[in-house]
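Q: This is entry.txt, which holds compact mmCIF, N, CA and C atoms:
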# COMPACT_ATOMS: atom_id res chain seq x y z
N GLN A 9 4.83 10.12 -15.72
CA GLN A 9 5.33 8.92 -15.06
C GLN A 9 5.66 9.23 -13.61
N VAL A 10 5.58 8.22 -12.76
CA VAL A 10 5.93 8.37 -11.35
C VAL A 10 6.87 7.26 -10.94
N GLN A 11 7.77 7.58 -10.02
CA GLN A 11 8.60 6.58 -9.37
C GLN A 11 8.14 6.51 -7.92
N LEU A 12 8.09 5.30 -7.39
CA LEU A 12 7.50 5.07 -6.08
C LEU A 12 8.55 4.50 -5.13
N VAL A 13 8.57 5.01 -3.90
CA VAL A 13 9.48 4.51 -2.87
C VAL A 13 8.69 4.29 -1.59
N GLU A 14 8.64 3.02 -1.16
CA GLU A 14 7.93 2.67 0.07
C GLU A 14 8.85 2.76 1.27
N SER A 15 8.26 3.00 2.43
CA SER A 15 8.99 3.00 3.69
C SER A 15 8.02 2.69 4.82
N GLY A 16 8.58 2.38 6.00
CA GLY A 16 7.74 2.17 7.17
C GLY A 16 7.56 0.73 7.59
N GLY A 17 8.10 -0.20 6.81
CA GLY A 17 7.98 -1.60 7.20
C GLY A 17 8.87 -1.93 8.39
N GLY A 18 8.71 -3.15 8.89
CA GLY A 18 9.52 -3.58 10.01
C GLY A 18 8.92 -4.77 10.72
N LEU A 19 9.46 -5.04 11.90
CA LEU A 19 9.00 -6.15 12.74
C LEU A 19 8.08 -5.61 13.82
N VAL A 20 6.92 -6.22 13.97
CA VAL A 20 5.95 -5.79 14.97
C VAL A 20 5.29 -7.01 15.58
N GLN A 21 4.89 -6.89 16.84
CA GLN A 21 4.22 -7.99 17.51
C GLN A 21 2.76 -8.08 17.08
N PRO A 22 2.17 -9.25 17.17
CA PRO A 22 0.74 -9.37 16.88
C PRO A 22 -0.07 -8.39 17.71
N GLY A 23 -1.04 -7.76 17.06
CA GLY A 23 -1.84 -6.73 17.72
C GLY A 23 -1.28 -5.34 17.59
N GLY A 24 -0.08 -5.22 17.09
CA GLY A 24 0.58 -3.92 16.95
C GLY A 24 0.16 -3.18 15.70
N SER A 25 0.80 -2.03 15.49
CA SER A 25 0.46 -1.17 14.37
C SER A 25 1.71 -0.74 13.63
N LEU A 26 1.54 -0.45 12.35
CA LEU A 26 2.57 0.14 11.51
C LEU A 26 1.89 1.08 10.53
N ARG A 27 2.63 2.09 10.09
CA ARG A 27 2.15 2.93 9.01
C ARG A 27 3.16 2.92 7.88
N LEU A 28 2.72 2.46 6.72
CA LEU A 28 3.55 2.47 5.53
C LEU A 28 3.33 3.76 4.76
N SER A 29 4.40 4.24 4.15
CA SER A 29 4.33 5.42 3.30
C SER A 29 4.86 5.08 1.91
N CYS A 30 4.31 5.72 0.92
CA CYS A 30 4.77 5.56 -0.46
C CYS A 30 4.91 6.95 -1.05
N ALA A 31 6.15 7.36 -1.25
CA ALA A 31 6.42 8.67 -1.82
C ALA A 31 6.59 8.56 -3.32
N ALA A 32 5.89 9.43 -4.03
CA ALA A 32 5.92 9.41 -5.49
C ALA A 32 6.63 10.63 -6.02
N SER A 33 7.52 10.41 -6.97
CA SER A 33 8.15 11.52 -7.68
C SER A 33 7.56 11.58 -9.07
N GLY A 34 7.58 12.74 -9.66
CA GLY A 34 6.95 12.90 -10.96
C GLY A 34 5.76 13.83 -10.86
N SER A 35 5.07 13.96 -11.95
CA SER A 35 3.99 14.94 -12.00
C SER A 35 2.62 14.28 -11.96
N ALA A 36 1.62 15.08 -11.66
CA ALA A 36 0.22 14.66 -11.73
C ALA A 36 -0.12 13.52 -10.79
N PHE A 37 0.52 13.50 -9.62
CA PHE A 37 0.25 12.42 -8.65
C PHE A 37 -1.23 12.34 -8.34
N SER A 38 -1.89 13.46 -8.21
CA SER A 38 -3.30 13.46 -7.81
C SER A 38 -4.20 12.76 -8.80
N ARG A 39 -3.74 12.55 -10.00
CA ARG A 39 -4.55 11.91 -11.03
C ARG A 39 -4.41 10.39 -11.04
N TYR A 40 -3.50 9.88 -10.23
CA TYR A 40 -3.24 8.45 -10.24
C TYR A 40 -4.14 7.70 -9.26
N HIS A 41 -4.55 6.53 -9.68
CA HIS A 41 -5.20 5.55 -8.83
C HIS A 41 -4.09 4.81 -8.10
N MET A 42 -4.08 4.88 -6.76
CA MET A 42 -2.99 4.32 -5.98
C MET A 42 -3.45 3.09 -5.21
N GLY A 43 -2.50 2.17 -5.00
CA GLY A 43 -2.87 0.97 -4.28
C GLY A 43 -1.71 0.38 -3.50
N TRP A 44 -2.05 -0.43 -2.53
CA TRP A 44 -1.09 -1.25 -1.80
C TRP A 44 -1.41 -2.72 -2.07
N TYR A 45 -0.37 -3.48 -2.37
CA TYR A 45 -0.47 -4.91 -2.59
C TYR A 45 0.56 -5.58 -1.69
N ARG A 46 0.40 -6.88 -1.49
CA ARG A 46 1.37 -7.60 -0.69
C ARG A 46 1.61 -8.99 -1.27
N GLN A 47 2.79 -9.51 -0.97
CA GLN A 47 3.14 -10.85 -1.43
C GLN A 47 3.87 -11.57 -0.30
N ALA A 48 3.26 -12.64 0.16
CA ALA A 48 3.87 -13.48 1.18
C ALA A 48 4.70 -14.57 0.49
N PRO A 49 5.66 -15.15 1.20
CA PRO A 49 6.50 -16.20 0.60
C PRO A 49 5.66 -17.35 0.05
N GLY A 50 5.92 -17.72 -1.17
CA GLY A 50 5.20 -18.83 -1.78
C GLY A 50 3.80 -18.54 -2.25
N LYS A 51 3.39 -17.27 -2.15
CA LYS A 51 2.03 -16.89 -2.55
C LYS A 51 2.07 -15.83 -3.64
N GLN A 52 0.94 -15.69 -4.31
CA GLN A 52 0.83 -14.66 -5.34
C GLN A 52 0.62 -13.28 -4.69
N ARG A 53 0.99 -12.26 -5.44
CA ARG A 53 0.75 -10.89 -4.97
C ARG A 53 -0.77 -10.66 -4.93
N GLU A 54 -1.21 -10.00 -3.86
CA GLU A 54 -2.65 -9.77 -3.70
C GLU A 54 -2.91 -8.31 -3.35
N LEU A 55 -4.10 -7.87 -3.71
CA LEU A 55 -4.52 -6.51 -3.41
C LEU A 55 -4.80 -6.37 -1.92
N VAL A 56 -4.33 -5.26 -1.35
CA VAL A 56 -4.64 -4.95 0.04
C VAL A 56 -5.68 -3.83 0.10
N ALA A 57 -5.37 -2.70 -0.58
CA ALA A 57 -6.26 -1.55 -0.55
C ALA A 57 -5.93 -0.64 -1.71
N THR A 58 -6.93 0.07 -2.19
CA THR A 58 -6.73 1.06 -3.24
C THR A 58 -7.46 2.35 -2.89
N ILE A 59 -6.99 3.44 -3.49
CA ILE A 59 -7.65 4.72 -3.34
C ILE A 59 -7.60 5.43 -4.69
N SER A 60 -8.76 5.87 -5.14
CA SER A 60 -8.84 6.48 -6.46
C SER A 60 -8.41 7.94 -6.39
N ALA A 61 -8.32 8.55 -7.56
CA ALA A 61 -7.99 9.97 -7.62
C ALA A 61 -9.05 10.81 -6.89
N ALA A 62 -10.27 10.30 -6.86
CA ALA A 62 -11.36 11.00 -6.18
C ALA A 62 -11.43 10.68 -4.69
N GLY A 63 -10.54 9.78 -4.23
CA GLY A 63 -10.52 9.45 -2.81
C GLY A 63 -11.40 8.28 -2.40
N ILE A 64 -11.91 7.56 -3.38
CA ILE A 64 -12.73 6.39 -3.08
C ILE A 64 -11.82 5.22 -2.74
N THR A 65 -12.11 4.55 -1.64
CA THR A 65 -11.25 3.48 -1.16
C THR A 65 -11.89 2.11 -1.34
N ASN A 66 -11.03 1.12 -1.41
CA ASN A 66 -11.45 -0.27 -1.55
C ASN A 66 -10.47 -1.14 -0.78
N TYR A 67 -10.99 -2.16 -0.08
CA TYR A 67 -10.14 -3.00 0.76
C TYR A 67 -10.39 -4.48 0.51
N ALA A 68 -9.34 -5.26 0.68
CA ALA A 68 -9.51 -6.70 0.72
C ALA A 68 -10.29 -7.06 1.97
N ASP A 69 -11.10 -8.11 1.89
CA ASP A 69 -11.91 -8.51 3.04
C ASP A 69 -11.04 -8.80 4.27
N SER A 70 -9.85 -9.33 4.02
CA SER A 70 -8.98 -9.75 5.12
C SER A 70 -8.44 -8.58 5.95
N VAL A 71 -8.52 -7.36 5.42
CA VAL A 71 -7.97 -6.22 6.15
C VAL A 71 -9.03 -5.17 6.50
N LYS A 72 -10.24 -5.37 6.06
CA LYS A 72 -11.31 -4.40 6.36
C LYS A 72 -11.46 -4.22 7.86
N GLY A 73 -11.55 -2.95 8.27
CA GLY A 73 -11.70 -2.64 9.69
C GLY A 73 -10.39 -2.56 10.44
N ARG A 74 -9.30 -2.99 9.81
CA ARG A 74 -7.98 -2.95 10.46
C ARG A 74 -7.01 -2.00 9.75
N PHE A 75 -7.10 -1.94 8.44
CA PHE A 75 -6.18 -1.12 7.63
C PHE A 75 -6.94 0.08 7.06
N THR A 76 -6.22 1.19 6.91
CA THR A 76 -6.78 2.39 6.30
C THR A 76 -5.79 2.96 5.29
N ILE A 77 -6.26 3.14 4.07
CA ILE A 77 -5.44 3.77 3.04
C ILE A 77 -5.84 5.24 2.93
N SER A 78 -4.86 6.09 2.73
CA SER A 78 -5.13 7.52 2.57
C SER A 78 -4.06 8.12 1.67
N ARG A 79 -4.33 9.33 1.19
CA ARG A 79 -3.35 9.99 0.33
C ARG A 79 -3.28 11.47 0.69
N ASP A 80 -2.10 12.03 0.51
CA ASP A 80 -1.88 13.45 0.69
C ASP A 80 -1.28 13.97 -0.61
N ASN A 81 -2.12 14.54 -1.43
CA ASN A 81 -1.66 14.97 -2.75
C ASN A 81 -0.67 16.13 -2.66
N SER A 82 -0.70 16.88 -1.57
CA SER A 82 0.25 17.98 -1.42
C SER A 82 1.66 17.47 -1.15
N LYS A 83 1.74 16.22 -0.67
CA LYS A 83 3.04 15.60 -0.39
C LYS A 83 3.37 14.48 -1.36
N ASN A 84 2.50 14.26 -2.35
CA ASN A 84 2.71 13.16 -3.31
C ASN A 84 2.94 11.83 -2.59
N THR A 85 2.13 11.57 -1.58
CA THR A 85 2.34 10.40 -0.74
C THR A 85 1.02 9.67 -0.47
N VAL A 86 1.09 8.36 -0.48
CA VAL A 86 -0.04 7.53 -0.08
C VAL A 86 0.40 6.71 1.13
N TYR A 87 -0.53 6.51 2.05
CA TYR A 87 -0.24 5.83 3.31
C TYR A 87 -1.09 4.58 3.48
N LEU A 88 -0.59 3.66 4.29
CA LEU A 88 -1.38 2.51 4.71
C LEU A 88 -1.19 2.37 6.22
N GLN A 89 -2.22 2.72 6.96
CA GLN A 89 -2.21 2.55 8.41
C GLN A 89 -2.70 1.14 8.71
N MET A 90 -1.88 0.37 9.38
CA MET A 90 -2.20 -1.02 9.67
C MET A 90 -2.29 -1.21 11.17
N ASN A 91 -3.47 -1.57 11.64
CA ASN A 91 -3.71 -1.81 13.06
C ASN A 91 -4.09 -3.26 13.29
N SER A 92 -4.01 -3.69 14.54
CA SER A 92 -4.39 -5.06 14.91
C SER A 92 -3.72 -6.07 13.99
N LEU A 93 -2.44 -5.92 13.80
CA LEU A 93 -1.72 -6.78 12.86
C LEU A 93 -1.69 -8.23 13.33
N LYS A 94 -1.74 -9.12 12.35
CA LYS A 94 -1.75 -10.55 12.59
C LYS A 94 -0.55 -11.19 11.90
N PRO A 95 -0.11 -12.35 12.36
CA PRO A 95 1.01 -13.02 11.68
C PRO A 95 0.76 -13.23 10.19
N GLU A 96 -0.48 -13.46 9.82
CA GLU A 96 -0.79 -13.66 8.39
C GLU A 96 -0.68 -12.40 7.56
N ASP A 97 -0.46 -11.26 8.19
CA ASP A 97 -0.20 -10.02 7.45
C ASP A 97 1.27 -9.92 7.03
N THR A 98 2.09 -10.85 7.48
CA THR A 98 3.50 -10.83 7.10
C THR A 98 3.67 -10.99 5.59
N ALA A 99 4.37 -10.04 5.00
CA ALA A 99 4.55 -10.04 3.54
C ALA A 99 5.44 -8.86 3.15
N VAL A 100 5.82 -8.85 1.89
CA VAL A 100 6.41 -7.64 1.30
C VAL A 100 5.25 -6.82 0.75
N TYR A 101 5.19 -5.57 1.15
CA TYR A 101 4.12 -4.67 0.72
C TYR A 101 4.63 -3.75 -0.38
N TYR A 102 3.85 -3.69 -1.46
CA TYR A 102 4.23 -2.91 -2.63
C TYR A 102 3.22 -1.79 -2.87
N CYS A 103 3.72 -0.65 -3.28
CA CYS A 103 2.90 0.47 -3.69
C CYS A 103 2.74 0.43 -5.21
N ASN A 104 1.56 0.82 -5.68
CA ASN A 104 1.25 0.79 -7.11
C ASN A 104 0.56 2.07 -7.52
N ALA A 105 0.91 2.56 -8.71
CA ALA A 105 0.25 3.73 -9.29
C ALA A 105 -0.26 3.37 -10.67
N GLN A 106 -1.51 3.72 -10.94
CA GLN A 106 -2.10 3.42 -12.24
C GLN A 106 -2.81 4.65 -12.79
N ARG A 107 -2.66 4.86 -14.09
CA ARG A 107 -3.42 5.90 -14.77
C ARG A 107 -3.46 5.55 -16.25
N LEU A 108 -4.64 5.42 -16.77
CA LEU A 108 -4.84 5.00 -18.17
C LEU A 108 -4.09 3.69 -18.38
N THR A 109 -3.14 3.66 -19.28
CA THR A 109 -2.41 2.42 -19.54
C THR A 109 -1.10 2.34 -18.77
N TYR A 110 -0.83 3.33 -17.93
CA TYR A 110 0.44 3.37 -17.20
C TYR A 110 0.30 2.66 -15.86
N ASP A 111 1.34 1.91 -15.52
CA ASP A 111 1.33 1.11 -14.30
C ASP A 111 2.74 1.12 -13.73
N SER A 112 2.91 1.52 -12.46
CA SER A 112 4.22 1.60 -11.85
C SER A 112 4.20 0.97 -10.47
N TRP A 113 5.32 0.31 -10.11
CA TRP A 113 5.45 -0.36 -8.82
C TRP A 113 6.67 0.15 -8.07
N GLY A 114 6.57 0.16 -6.75
CA GLY A 114 7.72 0.42 -5.92
C GLY A 114 8.52 -0.85 -5.70
N GLN A 115 9.58 -0.73 -4.91
CA GLN A 115 10.48 -1.86 -4.70
C GLN A 115 10.01 -2.76 -3.56
N GLY A 116 9.06 -2.28 -2.77
CA GLY A 116 8.51 -3.09 -1.68
C GLY A 116 9.17 -2.82 -0.34
N THR A 117 8.40 -3.07 0.71
CA THR A 117 8.91 -2.95 2.07
C THR A 117 8.41 -4.14 2.88
N GLN A 118 9.28 -4.74 3.66
CA GLN A 118 8.95 -5.96 4.40
C GLN A 118 8.20 -5.62 5.67
N VAL A 119 7.11 -6.33 5.89
CA VAL A 119 6.37 -6.26 7.14
C VAL A 119 6.35 -7.66 7.75
N THR A 120 6.84 -7.78 8.98
CA THR A 120 6.86 -9.06 9.67
C THR A 120 6.12 -8.92 10.99
N VAL A 121 5.12 -9.76 11.17
CA VAL A 121 4.32 -9.75 12.40
C VAL A 121 4.62 -11.04 13.14
N SER A 122 5.31 -10.89 14.25
CA SER A 122 5.76 -12.06 15.00
C SER A 122 6.06 -11.69 16.44
N SER A 123 5.83 -12.65 17.33
CA SER A 123 6.17 -12.43 18.74
C SER A 123 7.58 -12.96 19.02
The structure given in the file should be rewritten as C-alpha cells.
A:
Amino acid sequence: QVQLVESGGGLVQPGGSLRLSCAASGSAFSRYHMGWYRQAPGKQRELVATISAAGITNYADSVKGRFTISRDNSKNTVYLQMNSLKPEDTAVYYCNAQRLTYDSWGQGTQVTVSS
C-alpha cells in the first residue's frame, strides 16, 4: 500500500508554470501506475496525465504539449510540470496510484490560474 501527499500548488498568472509533486510512502512504488487527475468546481474529476511502471506516459488532449509527467523511483515521487497555464487549468489536482486491484488517492492540491 502507498500513501500519497501532493504539494506545489498555488496561484499563478496565465502563461506561468508550476511543478506539482506527489510523494509516496510505502513499498514497491516503482511497480505502481501513477497518475494526476483534476477536479474543477462543479465538474467531474478528469484525467490529466498518467505514467506506467515502465515509464509510458499518457496525456489528456487539453494538456498535451504543455504538461509533463515524470517519476523518480529513487525518491518515491511523481511530478507534473505544468507550463503555459490557462485559467481553465484551475482545479484541485489529485495524485493517484494503481496496482492490480489497489487504488489510492492523495488529498489534493489547489492550482489557481488567474491574473
Q: Write out as a ChimeraX atom specification which residues come within 6.5 Å of region 40-46 of chain A when counting all atoms listed in the file, dropping same-chain ones fewer than 2 positions away.
A: /A:36-38,48,52-61,99-107
Q: Using Å and a single decimal, report how far atom N of Thr117 (chain A) sits from atom N of Gln47 (chain A).
A: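 These atoms are spaced 8.7 Å apart.
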Q: Can you list, as number ranges by chain, every residue of chain A that DSSP puts in strand (DSSP E)?
A: A: 10-15, 18-20, 26-34, 41-47, 54-59, 65-67, 75-80, 85-90, 99-107, 110-113, 117-121
Q: Between atom C of Val86 (chain A) and CA of Ile64 (chain A), what is the spacing in Å?
A: 13.8 Å
Q: Using all atoms listed in the file, which protein or nucleic acid residues come within 6 Å of Gly17 (chain A)? Drop anything in the same chain fewer than 2 positions from it, and give the result as a ChimeraX atom specification.
A: /A:15,19,27-28,117-119
Q: In Å, with one decimal, what is the gap from CA of Val10 (chain A) to CA of Ser78 (chain A)?
A: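 Distance reported for this atom pair: 17.8 Å.
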Q: Name the closest residue to Gln21 (chain A) among the candidates A:Pro95, A:Gly114, A:Gly73, A:Gly50; distances are taken between atoms, counting only C-alpha atoms.
A: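 Closest to Gln21 (chain A), using only C-alpha atoms: A:Pro95.
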Q: Which of these, A:Gly23, A:Ser29, A:Asp111, A:Leu12, has the shortest distance to Gln89 (chain A) once you count all atoms listed in the file?
A: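 Counting all atoms listed in the file, the residue closest to Gln89 (chain A) is A:Ser29.
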Q: I need the residue nearest Asn91 (chain A) from this list: A:Trp113, A:Gly63, A:Ser25, A:Ser123. Use only C-alpha atoms for the distance.
A: A:Ser25
